[in-house]
>>> print(open('input24.pdb').read())   # PDB, N, CA and C atoms
ATOM      1  N   MET A  14      15.976   9.868  10.465
ATOM      2  CA  MET A  14      15.994   9.284   9.134
ATOM      3  C   MET A  14      17.436   9.153   8.677
ATOM      4  N   ASN A  15      17.732   8.086   7.941
ATOM      5  CA  ASN A  15      19.101   7.884   7.486
ATOM      6  C   ASN A  15      19.424   8.805   6.313
ATOM      7  N   ALA A  16      20.670   8.750   5.856
ATOM      8  CA  ALA A  16      21.128   9.650   4.794
ATOM      9  C   ALA A  16      20.807   9.118   3.400
ATOM     10  N   GLU A  17      20.075   8.013   3.307
ATOM     11  CA  GLU A  17      19.705   7.462   2.010
ATOM     12  C   GLU A  17      18.821   8.451   1.241
ATOM     13  N   ALA A  18      19.018   8.507  -0.051
ATOM     14  CA  ALA A  18      18.219   9.412  -0.877
ATOM     15  C   ALA A  18      16.752   8.992  -0.844
ATOM     16  N   GLN A  19      15.875   9.959  -0.743
ATOM     17  CA  GLN A  19      14.445   9.699  -0.848
ATOM     18  C   GLN A  19      14.080   9.572  -2.324
ATOM     19  N   TYR A  20      13.032   8.800  -2.585
ATOM     20  CA  TYR A  20      12.515   8.640  -3.937
ATOM     21  C   TYR A  20      11.196   9.390  -4.027
ATOM     22  N   THR A  21      11.060  10.199  -5.064
ATOM     23  CA  THR A  21       9.857  10.999  -5.272
ATOM     24  C   THR A  21       9.454  10.891  -6.729
ATOM     25  N   TYR A  22       8.155  10.752  -6.968
ATOM     26  CA  TYR A  22       7.699  10.810  -8.354
ATOM     27  C   TYR A  22       6.527  11.769  -8.459
ATOM     28  N   ILE A  23       6.419  12.369  -9.650
ATOM     29  CA  ILE A  23       5.446  13.428  -9.881
ATOM     30  C   ILE A  23       4.637  13.102 -11.129
ATOM     31  N   TRP A  24       3.321  13.226 -10.999
ATOM     32  CA  TRP A  24       2.407  13.000 -12.115
ATOM     33  C   TRP A  24       1.529  14.226 -12.321
ATOM     34  N   GLU A  25       1.163  14.460 -13.561
ATOM     35  CA  GLU A  25       0.232  15.538 -13.919
ATOM     36  C   GLU A  25      -1.053  14.906 -14.434
ATOM     37  N   TYR A  26      -2.187  15.492 -14.051
ATOM     38  CA  TYR A  26      -3.499  14.999 -14.459
ATOM     39  C   TYR A  26      -4.379  16.152 -14.921
ATOM     40  N   LEU A  27      -5.213  15.866 -15.892
ATOM     41  CA  LEU A  27      -6.296  16.758 -16.264
ATOM     42  C   LEU A  27      -7.582  16.020 -15.913
ATOM     43  N   ALA A  28      -8.214  16.444 -14.844
ATOM     44  CA  ALA A  28      -9.442  15.797 -14.395
ATOM     45  C   ALA A  28     -10.597  16.209 -15.303
ATOM     46  N   LEU A  29     -11.530  15.298 -15.488
ATOM     47  CA  LEU A  29     -12.732  15.635 -16.238
ATOM     48  C   LEU A  29     -13.510  16.677 -15.433
ATOM     49  N   PRO A  30     -14.000  17.726 -16.076
ATOM     50  CA  PRO A  30     -14.649  18.813 -15.342
ATOM     51  C   PRO A  30     -15.767  18.370 -14.400
ATOM     52  N   ASP A  31     -16.542  17.383 -14.791
ATOM     53  CA  ASP A  31     -17.648  16.936 -13.946
ATOM     54  C   ASP A  31     -17.239  15.865 -12.934
ATOM     55  N   ARG A  32     -15.926  15.557 -12.868
ATOM     56  CA  ARG A  32     -15.444  14.516 -11.950
ATOM     57  C   ARG A  32     -14.352  15.034 -11.012
ATOM     58  N   VAL A  33     -14.174  16.351 -10.949
ATOM     59  CA  VAL A  33     -13.091  16.938 -10.146
ATOM     60  C   VAL A  33     -13.189  16.534  -8.676
ATOM     61  N   ASP A  34     -14.383  16.582  -8.100
ATOM     62  CA  ASP A  34     -14.529  16.225  -6.683
ATOM     63  C   ASP A  34     -14.121  14.778  -6.430
ATOM     64  N   GLU A  35     -14.542  13.879  -7.309
ATOM     65  CA  GLU A  35     -14.166  12.477  -7.179
ATOM     66  C   GLU A  35     -12.660  12.299  -7.338
ATOM     67  N   PHE A  36     -12.083  13.039  -8.281
ATOM     68  CA  PHE A  36     -10.639  12.972  -8.487
ATOM     69  C   PHE A  36      -9.907  13.385  -7.220
ATOM     70  N   GLU A  37     -10.287  14.530  -6.653
ATOM     71  CA  GLU A  37      -9.620  15.007  -5.432
ATOM     72  C   GLU A  37      -9.780  14.019  -4.287
ATOM     73  N   GLU A  38     -10.926  13.380  -4.201
ATOM     74  CA  GLU A  38     -11.154  12.404  -3.140
ATOM     75  C   GLU A  38     -10.258  11.177  -3.321
ATOM     76  N   LEU A  39     -10.137  10.685  -4.550
ATOM     77  CA  LEU A  39      -9.338   9.490  -4.814
ATOM     78  C   LEU A  39      -7.844   9.746  -4.651
ATOM     79  N   TYR A  40      -7.367  10.909  -5.135
ATOM     80  CA  TYR A  40      -5.928  11.175  -5.191
ATOM     81  C   TYR A  40      -5.394  11.985  -4.009
ATOM     82  N   GLY A  41      -6.262  12.535  -3.189
ATOM     83  CA  GLY A  41      -5.810  13.287  -2.026
ATOM     84  C   GLY A  41      -5.108  12.385  -1.018
ATOM     85  N   SER A  42      -4.355  12.975  -0.122
ATOM     86  CA  SER A  42      -3.545  12.193   0.824
ATOM     87  C   SER A  42      -4.392  11.279   1.714
ATOM     88  N   SER A  43      -5.650  11.608   1.944
ATOM     89  CA  SER A  43      -6.495  10.737   2.758
ATOM     90  C   SER A  43      -7.401   9.858   1.906
ATOM     91  N   GLY A  44      -7.223   9.894   0.588
ATOM     92  CA  GLY A  44      -8.038   9.102  -0.319
ATOM     93  C   GLY A  44      -7.539   7.668  -0.464
ATOM     94  N   ALA A  45      -8.124   6.973  -1.413
ATOM     95  CA  ALA A  45      -7.816   5.549  -1.611
ATOM     96  C   ALA A  45      -6.347   5.308  -1.956
ATOM     97  N   TRP A  46      -5.752   6.209  -2.756
ATOM     98  CA  TRP A  46      -4.324   6.027  -3.057
ATOM     99  C   TRP A  46      -3.497   6.135  -1.786
ATOM    100  N   GLY A  47      -3.764   7.145  -0.979
ATOM    101  CA  GLY A  47      -3.027   7.312   0.272
ATOM    102  C   GLY A  47      -3.192   6.119   1.193
ATOM    103  N   GLU A  48      -4.412   5.581   1.265
ATOM    104  CA  GLU A  48      -4.651   4.394   2.101
ATOM    105  C   GLU A  48      -3.803   3.221   1.628
ATOM    106  N   LEU A  49      -3.754   3.034   0.316
ATOM    107  CA  LEU A  49      -2.966   1.934  -0.225
ATOM    108  C   LEU A  49      -1.474   2.164   0.011
ATOM    109  N   PHE A  50      -1.012   3.387  -0.209
ATOM    110  CA  PHE A  50       0.401   3.691   0.019
ATOM    111  C   PHE A  50       0.802   3.450   1.469
ATOM    112  N   ARG A  51      -0.087   3.797   2.398
ATOM    113  CA  ARG A  51       0.235   3.670   3.827
ATOM    114  C   ARG A  51       0.411   2.217   4.283
ATOM    115  N   LYS A  52       0.134   1.264   3.422
ATOM    116  CA  LYS A  52       0.388  -0.137   3.753
ATOM    117  C   LYS A  52       1.878  -0.449   3.724
ATOM    118  N   SER A  53       2.676   0.500   3.271
ATOM    119  CA  SER A  53       4.132   0.339   3.245
ATOM    120  C   SER A  53       4.765   1.257   4.284
ATOM    121  N   ALA A  54       5.687   0.702   5.055
ATOM    122  CA  ALA A  54       6.432   1.514   6.016
ATOM    123  C   ALA A  54       7.347   2.505   5.300
ATOM    124  N   GLY A  55       7.622   2.275   4.025
ATOM    125  CA  GLY A  55       8.508   3.151   3.261
ATOM    126  C   GLY A  55       7.832   4.366   2.655
ATOM    127  N   TYR A  56       6.519   4.463   2.801
ATOM    128  CA  TYR A  56       5.774   5.607   2.267
ATOM    129  C   TYR A  56       5.906   6.780   3.233
ATOM    130  N   ILE A  57       6.136   7.976   2.682
ATOM    131  CA  ILE A  57       6.257   9.171   3.518
ATOM    132  C   ILE A  57       4.977  10.010   3.454
ATOM    133  N   ARG A  58       4.638  10.497   2.241
ATOM    134  CA  ARG A  58       3.443  11.327   2.109
ATOM    135  C   ARG A  58       3.140  11.574   0.631
ATOM    136  N   THR A  59       1.941  12.128   0.399
ATOM    137  CA  THR A  59       1.505  12.547  -0.930
ATOM    138  C   THR A  59       1.031  13.988  -0.853
ATOM    139  N   GLU A  60       1.373  14.745  -1.869
ATOM    140  CA  GLU A  60       0.842  16.098  -2.013
ATOM    141  C   GLU A  60       0.012  16.127  -3.286
ATOM    142  N   LEU A  61      -1.185  16.686  -3.203
ATOM    143  CA  LEU A  61      -2.036  16.900  -4.367
ATOM    144  C   LEU A  61      -2.149  18.403  -4.551
ATOM    145  N   LEU A  62      -1.667  18.889  -5.685
ATOM    146  CA  LEU A  62      -1.665  20.325  -5.973
ATOM    147  C   LEU A  62      -2.615  20.617  -7.120
ATOM    148  N   ARG A  63      -3.404  21.677  -6.974
ATOM    149  CA  ARG A  63      -4.360  22.098  -8.003
ATOM    150  C   ARG A  63      -3.863  23.389  -8.632
ATOM    151  N   ASP A  64      -3.849  23.413  -9.938
ATOM    152  CA  ASP A  64      -3.382  24.576 -10.691
ATOM    153  C   ASP A  64      -4.343  25.750 -10.464
ATOM    154  N   ARG A  65      -3.791  26.905 -10.149
ATOM    155  CA  ARG A  65      -4.619  28.086  -9.883
ATOM    156  C   ARG A  65      -5.276  28.636 -11.148
ATOM    157  N   ASP A  66      -4.608  28.500 -12.281
ATOM    158  CA  ASP A  66      -5.130  29.040 -13.531
ATOM    159  C   ASP A  66      -5.950  28.033 -14.333
ATOM    160  N   GLN A  67      -5.701  26.763 -14.116
ATOM    161  CA  GLN A  67      -6.421  25.696 -14.809
ATOM    162  C   GLN A  67      -6.984  24.746 -13.749
ATOM    163  N   PRO A  68      -8.187  25.006 -13.240
ATOM    164  CA  PRO A  68      -8.697  24.278 -12.077
ATOM    165  C   PRO A  68      -8.945  22.780 -12.281
ATOM    166  N   HIS A  69      -8.808  22.286 -13.487
ATOM    167  CA  HIS A  69      -8.957  20.847 -13.722
ATOM    168  C   HIS A  69      -7.599  20.153 -13.821
ATOM    169  N   ARG A  70      -6.532  20.938 -13.696
ATOM    170  CA  ARG A  70      -5.168  20.397 -13.787
ATOM    171  C   ARG A  70      -4.606  20.199 -12.391
ATOM    172  N   PHE A  71      -4.049  19.015 -12.164
ATOM    173  CA  PHE A  71      -3.496  18.648 -10.862
ATOM    174  C   PHE A  71      -2.119  18.036 -11.029
ATOM    175  N   VAL A  72      -1.350  18.095  -9.951
ATOM    176  CA  VAL A  72      -0.069  17.419  -9.870
ATOM    177  C   VAL A  72      -0.064  16.644  -8.553
ATOM    178  N   THR A  73       0.394  15.395  -8.622
ATOM    179  CA  THR A  73       0.609  14.633  -7.388
ATOM    180  C   THR A  73       2.108  14.437  -7.208
ATOM    181  N   ILE A  74       2.527  14.545  -5.962
ATOM    182  CA  ILE A  74       3.923  14.316  -5.603
ATOM    183  C   ILE A  74       3.913  13.275  -4.486
ATOM    184  N   ASP A  75       4.491  12.121  -4.771
ATOM    185  CA  ASP A  75       4.522  11.026  -3.806
ATOM    186  C   ASP A  75       5.947  10.829  -3.317
ATOM    187  N   TYR A  76       6.107  10.791  -2.002
ATOM    188  CA  TYR A  76       7.418  10.679  -1.359
ATOM    189  C   TYR A  76       7.570   9.315  -0.689
ATOM    190  N   TRP A  77       8.706   8.676  -0.947
ATOM    191  CA  TRP A  77       9.034   7.371  -0.374
ATOM    192  C   TRP A  77      10.437   7.454   0.217
ATOM    193  N   VAL A  78      10.730   6.591   1.170
ATOM    194  CA  VAL A  78      12.062   6.626   1.787
ATOM    195  C   VAL A  78      13.139   6.229   0.790
ATOM    196  N   SER A  79      12.791   5.410  -0.199
ATOM    197  CA  SER A  79      13.763   4.990  -1.207
ATOM    198  C   SER A  79      13.020   4.394  -2.401
ATOM    199  N   TYR A  80      13.725   4.288  -3.490
ATOM    200  CA  TYR A  80      13.169   3.632  -4.678
ATOM    201  C   TYR A  80      12.852   2.174  -4.366
ATOM    202  N   ASP A  81      13.735   1.516  -3.627
ATOM    203  CA  ASP A  81      13.513   0.114  -3.282
ATOM    204  C   ASP A  81      12.242  -0.072  -2.458
ATOM    205  N   ALA A  82      11.947   0.851  -1.556
ATOM    206  CA  ALA A  82      10.718   0.777  -0.760
ATOM    207  C   ALA A  82       9.494   0.899  -1.660
ATOM    208  N   TRP A  83       9.548   1.831  -2.600
ATOM    209  CA  TRP A  83       8.438   1.973  -3.543
ATOM    210  C   TRP A  83       8.284   0.714  -4.389
ATOM    211  N   LEU A  84       9.399   0.191  -4.898
ATOM    212  CA  LEU A  84       9.372  -0.989  -5.753
ATOM    213  C   LEU A  84       8.805  -2.194  -4.999
ATOM    214  N   ASP A  85       9.193  -2.371  -3.749
ATOM    215  CA  ASP A  85       8.664  -3.460  -2.929
ATOM    216  C   ASP A  85       7.158  -3.304  -2.765
ATOM    217  N   TRP A  86       6.700  -2.097  -2.443
ATOM    218  CA  TRP A  86       5.265  -1.846  -2.301
ATOM    219  C   TRP A  86       4.542  -2.138  -3.610
ATOM    220  N   ARG A  87       5.108  -1.687  -4.710
ATOM    221  CA  ARG A  87       4.488  -1.859  -6.027
ATOM    222  C   ARG A  87       4.329  -3.348  -6.364
ATOM    223  N   ARG A  88       5.307  -4.153  -6.024
ATOM    224  CA  ARG A  88       5.230  -5.600  -6.261
ATOM    225  C   ARG A  88       4.183  -6.252  -5.362
ATOM    226  N   ARG A  89       4.183  -5.866  -4.103
ATOM    227  CA  ARG A  89       3.271  -6.489  -3.137
ATOM    228  C   ARG A  89       1.812  -6.149  -3.395
ATOM    229  N   PHE A  90       1.558  -4.965  -3.918
ATOM    230  CA  PHE A  90       0.177  -4.512  -4.087
ATOM    231  C   PHE A  90      -0.172  -4.253  -5.549
ATOM    232  N   ALA A  91       0.392  -5.053  -6.448
ATOM    233  CA  ALA A  91       0.202  -4.844  -7.891
ATOM    234  C   ALA A  91      -1.273  -4.870  -8.290
ATOM    235  N   SER A  92      -2.036  -5.818  -7.796
ATOM    236  CA  SER A  92      -3.445  -5.900  -8.212
ATOM    237  C   SER A  92      -4.253  -4.735  -7.661
ATOM    238  N   ASP A  93      -3.993  -4.328  -6.414
ATOM    239  CA  ASP A  93      -4.681  -3.163  -5.840
ATOM    240  C   ASP A  93      -4.320  -1.901  -6.618
ATOM    241  N   PHE A  94      -3.046  -1.789  -6.992
ATOM    242  CA  PHE A  94      -2.582  -0.651  -7.785
ATOM    243  C   PHE A  94      -3.338  -0.583  -9.101
ATOM    244  N   GLU A  95      -3.425  -1.705  -9.799
ATOM    245  CA  GLU A  95      -4.095  -1.740 -11.100
ATOM    246  C   GLU A  95      -5.569  -1.353 -10.977
ATOM    247  N   GLU A  96      -6.226  -1.819  -9.930
ATOM    248  CA  GLU A  96      -7.637  -1.490  -9.715
ATOM    249  C   GLU A  96      -7.830   0.015  -9.510
ATOM    250  N   LEU A  97      -6.996   0.611  -8.659
ATOM    251  CA  LEU A  97      -7.106   2.055  -8.424
ATOM    252  C   LEU A  97      -6.752   2.848  -9.673
ATOM    253  N   ASP A  98      -5.773   2.381 -10.403
ATOM    254  CA  ASP A  98      -5.384   3.058 -11.633
ATOM    255  C   ASP A  98      -6.544   3.072 -12.624
ATOM    256  N   ARG A  99      -7.264   1.973 -12.741
ATOM    257  CA  ARG A  99      -8.445   1.924 -13.631
ATOM    258  C   ARG A  99      -9.525   2.888 -13.158
ATOM    259  N   ARG A 100      -9.731   2.969 -11.849
ATOM    260  CA  ARG A 100     -10.713   3.929 -11.316
ATOM    261  C   ARG A 100     -10.309   5.353 -11.656
ATOM    262  N   GLY A 101      -9.025   5.641 -11.506
ATOM    263  CA  GLY A 101      -8.533   6.982 -11.800
ATOM    264  C   GLY A 101      -8.663   7.357 -13.261
ATOM    265  N   GLU A 102      -8.473   6.401 -14.147
ATOM    266  CA  GLU A 102      -8.592   6.671 -15.583
ATOM    267  C   GLU A 102      -9.989   7.150 -15.956
ATOM    268  N   GLN A 103     -10.988   6.733 -15.193
ATOM    269  CA  GLN A 103     -12.365   7.145 -15.457
ATOM    270  C   GLN A 103     -12.624   8.606 -15.063
ATOM    271  N   LEU A 104     -11.686   9.180 -14.325
ATOM    272  CA  LEU A 104     -11.861  10.541 -13.804
ATOM    273  C   LEU A 104     -11.020  11.573 -14.536
ATOM    274  N   THR A 105     -10.191  11.121 -15.467
ATOM    275  CA  THR A 105      -9.242  12.036 -16.111
ATOM    276  C   THR A 105      -9.345  12.011 -17.634
ATOM    277  N   ALA A 106      -8.997  13.144 -18.239
ATOM    278  CA  ALA A 106      -8.885  13.240 -19.687
ATOM    279  C   ALA A 106      -7.460  12.954 -20.128
ATOM    280  N   HIS A 107      -6.527  13.148 -19.205
ATOM    281  CA  HIS A 107      -5.111  12.970 -19.533
ATOM    282  C   HIS A 107      -4.311  12.795 -18.244
ATOM    283  N   GLU A 108      -3.271  11.968 -18.334
ATOM    284  CA  GLU A 108      -2.300  11.872 -17.241
ATOM    285  C   GLU A 108      -0.935  11.604 -17.845
ATOM    286  N   SER A 109       0.085  12.157 -17.209
ATOM    287  CA  SER A 109       1.448  11.915 -17.676
ATOM    288  C   SER A 109       2.413  12.022 -16.504
ATOM    289  N   GLN A 110       3.435  11.197 -16.565
ATOM    290  CA  GLN A 110       4.451  11.234 -15.527
ATOM    291  C   GLN A 110       5.422  12.362 -15.843
ATOM    292  N   ILE A 111       5.609  13.244 -14.888
ATOM    293  CA  ILE A 111       6.567  14.337 -15.048
ATOM    294  C   ILE A 111       7.977  13.816 -14.819
ATOM    295  N   GLY A 112       8.138  12.949 -13.817
ATOM    296  CA  GLY A 112       9.460  12.390 -13.600
ATOM    297  C   GLY A 112       9.603  11.702 -12.262
ATOM    298  N   GLU A 113      10.764  11.075 -12.099
ATOM    299  CA  GLU A 113      11.163  10.406 -10.868
ATOM    300  C   GLU A 113      12.420  11.094 -10.364
ATOM    301  N   PHE A 114      12.483  11.318  -9.061
ATOM    302  CA  PHE A 114      13.561  12.116  -8.494
ATOM    303  C   PHE A 114      14.082  11.492  -7.213
ATOM    304  N   ASP A 115      15.361  11.725  -6.946
ATOM    305  CA  ASP A 115      15.975  11.379  -5.674
ATOM    306  C   ASP A 115      16.322  12.677  -4.977
ATOM    307  N   SER A 116      16.114  12.697  -3.671
ATOM    308  CA  SER A 116      16.486  13.875  -2.895
ATOM    309  C   SER A 116      17.050  13.424  -1.566
ATOM    310  N   ARG A 117      17.818  14.283  -0.983
ATOM    311  CA  ARG A 117      18.378  14.008   0.336
ATOM    312  C   ARG A 117      17.475  14.643   1.388
ATOM    313  N   PRO A 118      17.245  13.944   2.495
ATOM    314  CA  PRO A 118      16.482  14.547   3.580
ATOM    315  C   PRO A 118      17.198  15.798   4.107
ATOM    316  N   PRO A 119      16.456  16.741   4.688
ATOM    317  CA  PRO A 119      17.077  17.939   5.259
ATOM    318  C   PRO A 119      18.171  17.567   6.265
ATOM    319  N   GLY A 120      19.237  18.301   6.245
ATOM    320  CA  GLY A 120      20.327  18.091   7.182
ATOM    321  C   GLY A 120      21.369  17.073   6.736
ATOM    322  N   CYS A 121      21.202  16.541   5.540
ATOM    323  CA  CYS A 121      22.186  15.547   5.057
ATOM    324  C   CYS A 121      23.166  16.176   4.109
TER     325      CYS A 121
END
>>> encode(input="input24.pdb", output="structure tokens")
Amino acid sequence: MNAEAQYTYIWEYLALPDRVDEFEELYGSSGAWGELFRKSAGYIRTELLRDRDQPHRFVTIDYWVSYDAWLDWRRRFASDFEELDRRGEQLTAHESQIGEFDSRPPGC
């Protein structure tokens, strides 16, 4: 991997108590979001973390090779993104972006 900074963004979600399984299926790395992300060569991986004290609270961390790679994917798959986003809204009581980050790959 080159020395270019990786782009990472983090979101927090409060899943509806009766929709937690569906939420985990949609947002997990092998779910529909992961499938859509994998259409880009610039996608690295997604982590879905569940809060130990608040079992309906989740954080997603999405890793891309660069901001430009994410932006290109976002433009190319805008309608698919919007469709999945609407599906996700039906599963959550709240969502908020924690932030966008750049990081260097290990060894750089």
>>> select_by_dssp(input="input24.pdb", residues="chain A", states="strand (DSSP E or B)", output="MDAnalysis selection string")
chainID A and resid 19:28 56:63 70:77 105:116
>>> residues_around(input="input24.pdb", residues="segment 23-26 of chain A", least_positions_apart="2", cutoff="7 Å", atoms="only N, CA and C atoms", output="JSON, numbers by chain")
{"A": [21, 28, 69, 70, 71, 72, 73, 74, 75, 105, 106, 107, 108, 109, 110, 111, 112, 113, 114]}
>>> axis_aligned_box(input="input24.pdb", around="segment 49-60 of chain A", padding_each_side="4 Å", output="AutoDock Vina command-line options")
--center_x 2.4 --center_y 7.8 --center_z 1.4 --size_x 20.3 --size_y 24.6 --size_z 17.3
>>> closest_residue(input="input24.pdb", among="A:Leu27, A:Thr59, A:Glu96, A:Ala54", to="Gly41 of chain A", atoms="only C-alpha atoms")
A:Thr59
>>> closest_residue(input="input24.pdb", among="A:Trp83, A:Val33, A:Leu39, A:Ala91", to="Tyr56 of chain A", atoms="only N, CA and C atoms")
A:Trp83
>>> closest_residue(input="input24.pdb", among="A:Trp86, A:Asp115, A:Gln19, A:Gly101", to="Phe50 of chain A", atoms="all atoms listed in the file")
A:Trp86
>>> atom_distance(input="input24.pdb", atom1="atom N of Ile57 of chain A", atom2="atom N of Tyr40 of chain A")
15.9 Å
>>> atom_distance(input="input24.pdb", atom1="atom C of Lys52 of chain A", atom2="atom N of Asp64 of chain A")
28.1 Å
>>> select_by_dssp(input="input24.pdb", residues="chain A", states="helix (DSSP H, G or I)", output="PyMOL selection string")
chain A and resi 30-40+45-50+80-89+91-102
>>> write_last_selection(input="input24.pdb", atoms="N, CA and C atoms", output="short mmCIF file (atom, residue, chain, number, x, y, z; two decimals), keeping the file's coordinate frame")
data_model
loop_
_atom_site.label_atom_id
_atom_site.label_comp_id
_atom_site.auth_asym_id
_atom_site.auth_seq_id
_atom_site.Cartn_x
_atom_site.Cartn_y
_atom_site.Cartn_z
N PRO A 30 -14.00 17.73 -16.08
CA PRO A 30 -14.65 18.81 -15.34
C PRO A 30 -15.77 18.37 -14.40
N ASP A 31 -16.54 17.38 -14.79
CA ASP A 31 -17.65 16.94 -13.95
C ASP A 31 -17.24 15.86 -12.93
N ARG A 32 -15.93 15.56 -12.87
CA ARG A 32 -15.44 14.52 -11.95
C ARG A 32 -14.35 15.03 -11.01
N VAL A 33 -14.17 16.35 -10.95
CA VAL A 33 -13.09 16.94 -10.15
C VAL A 33 -13.19 16.53 -8.68
N ASP A 34 -14.38 16.58 -8.10
CA ASP A 34 -14.53 16.23 -6.68
C ASP A 34 -14.12 14.78 -6.43
N GLU A 35 -14.54 13.88 -7.31
CA GLU A 35 -14.17 12.48 -7.18
C GLU A 35 -12.66 12.30 -7.34
N PHE A 36 -12.08 13.04 -8.28
CA PHE A 36 -10.64 12.97 -8.49
C PHE A 36 -9.91 13.38 -7.22
N GLU A 37 -10.29 14.53 -6.65
CA GLU A 37 -9.62 15.01 -5.43
C GLU A 37 -9.78 14.02 -4.29
N GLU A 38 -10.93 13.38 -4.20
CA GLU A 38 -11.15 12.40 -3.14
C GLU A 38 -10.26 11.18 -3.32
N LEU A 39 -10.14 10.68 -4.55
CA LEU A 39 -9.34 9.49 -4.81
C LEU A 39 -7.84 9.75 -4.65
N TYR A 40 -7.37 10.91 -5.14
CA TYR A 40 -5.93 11.18 -5.19
C TYR A 40 -5.39 11.98 -4.01
N ALA A 45 -8.12 6.97 -1.41
CA ALA A 45 -7.82 5.55 -1.61
C ALA A 45 -6.35 5.31 -1.96
N TRP A 46 -5.75 6.21 -2.76
CA TRP A 46 -4.32 6.03 -3.06
C TRP A 46 -3.50 6.14 -1.79
N GLY A 47 -3.76 7.14 -0.98
CA GLY A 47 -3.03 7.31 0.27
C GLY A 47 -3.19 6.12 1.19
N GLU A 48 -4.41 5.58 1.26
CA GLU A 48 -4.65 4.39 2.10
C GLU A 48 -3.80 3.22 1.63
N LEU A 49 -3.75 3.03 0.32
CA LEU A 49 -2.97 1.93 -0.22
C LEU A 49 -1.47 2.16 0.01
N PHE A 50 -1.01 3.39 -0.21
CA PHE A 50 0.40 3.69 0.02
C PHE A 50 0.80 3.45 1.47
N TYR A 80 13.72 4.29 -3.49
CA TYR A 80 13.17 3.63 -4.68
C TYR A 80 12.85 2.17 -4.37
N ASP A 81 13.74 1.52 -3.63
CA ASP A 81 13.51 0.11 -3.28
C ASP A 81 12.24 -0.07 -2.46
N ALA A 82 11.95 0.85 -1.56
CA ALA A 82 10.72 0.78 -0.76
C ALA A 82 9.49 0.90 -1.66
N TRP A 83 9.55 1.83 -2.60
CA TRP A 83 8.44 1.97 -3.54
C TRP A 83 8.28 0.71 -4.39
N LEU A 84 9.40 0.19 -4.90
CA LEU A 84 9.37 -0.99 -5.75
C LEU A 84 8.80 -2.19 -5.00
N ASP A 85 9.19 -2.37 -3.75
CA ASP A 85 8.66 -3.46 -2.93
C ASP A 85 7.16 -3.30 -2.76
N TRP A 86 6.70 -2.10 -2.44
CA TRP A 86 5.26 -1.85 -2.30
C TRP A 86 4.54 -2.14 -3.61
N ARG A 87 5.11 -1.69 -4.71
CA ARG A 87 4.49 -1.86 -6.03
C ARG A 87 4.33 -3.35 -6.36
N ARG A 88 5.31 -4.15 -6.02
CA ARG A 88 5.23 -5.60 -6.26
C ARG A 88 4.18 -6.25 -5.36
N ARG A 89 4.18 -5.87 -4.10
CA ARG A 89 3.27 -6.49 -3.14
C ARG A 89 1.81 -6.15 -3.40
N ALA A 91 0.39 -5.05 -6.45
CA ALA A 91 0.20 -4.84 -7.89
C ALA A 91 -1.27 -4.87 -8.29
N SER A 92 -2.04 -5.82 -7.80
CA SER A 92 -3.44 -5.90 -8.21
C SER A 92 -4.25 -4.74 -7.66
N ASP A 93 -3.99 -4.33 -6.41
CA ASP A 93 -4.68 -3.16 -5.84
C ASP A 93 -4.32 -1.90 -6.62
N PHE A 94 -3.05 -1.79 -6.99
CA PHE A 94 -2.58 -0.65 -7.78
C PHE A 94 -3.34 -0.58 -9.10
N GLU A 95 -3.42 -1.70 -9.80
CA GLU A 95 -4.10 -1.74 -11.10
C GLU A 95 -5.57 -1.35 -10.98
N GLU A 96 -6.23 -1.82 -9.93
CA GLU A 96 -7.64 -1.49 -9.72
C GLU A 96 -7.83 0.02 -9.51
N LEU A 97 -7.00 0.61 -8.66
CA LEU A 97 -7.11 2.06 -8.42
C LEU A 97 -6.75 2.85 -9.67
N ASP A 98 -5.77 2.38 -10.40
CA ASP A 98 -5.38 3.06 -11.63
C ASP A 98 -6.54 3.07 -12.62
N ARG A 99 -7.26 1.97 -12.74
CA ARG A 99 -8.44 1.92 -13.63
C ARG A 99 -9.52 2.89 -13.16
N ARG A 100 -9.73 2.97 -11.85
CA ARG A 100 -10.71 3.93 -11.32
C ARG A 100 -10.31 5.35 -11.66
N GLY A 101 -9.02 5.64 -11.51
CA GLY A 101 -8.53 6.98 -11.80
C GLY A 101 -8.66 7.36 -13.26
N GLU A 102 -8.47 6.40 -14.15
CA GLU A 102 -8.59 6.67 -15.58
C GLU A 102 -9.99 7.15 -15.96
#
>>> closest_residue(input="input24.pdb", among="A:Arg51, A:Arg88, A:Pro30, A:Ala82", to="Pro68 of chain A", atoms="only N, CA and C atoms")
A:Pro30
>>> atom_distance(input="input24.pdb", atom1="atom C of Gly44 of chain A", atom2="atom CA of Glu95 of chain A")
14.6 Å
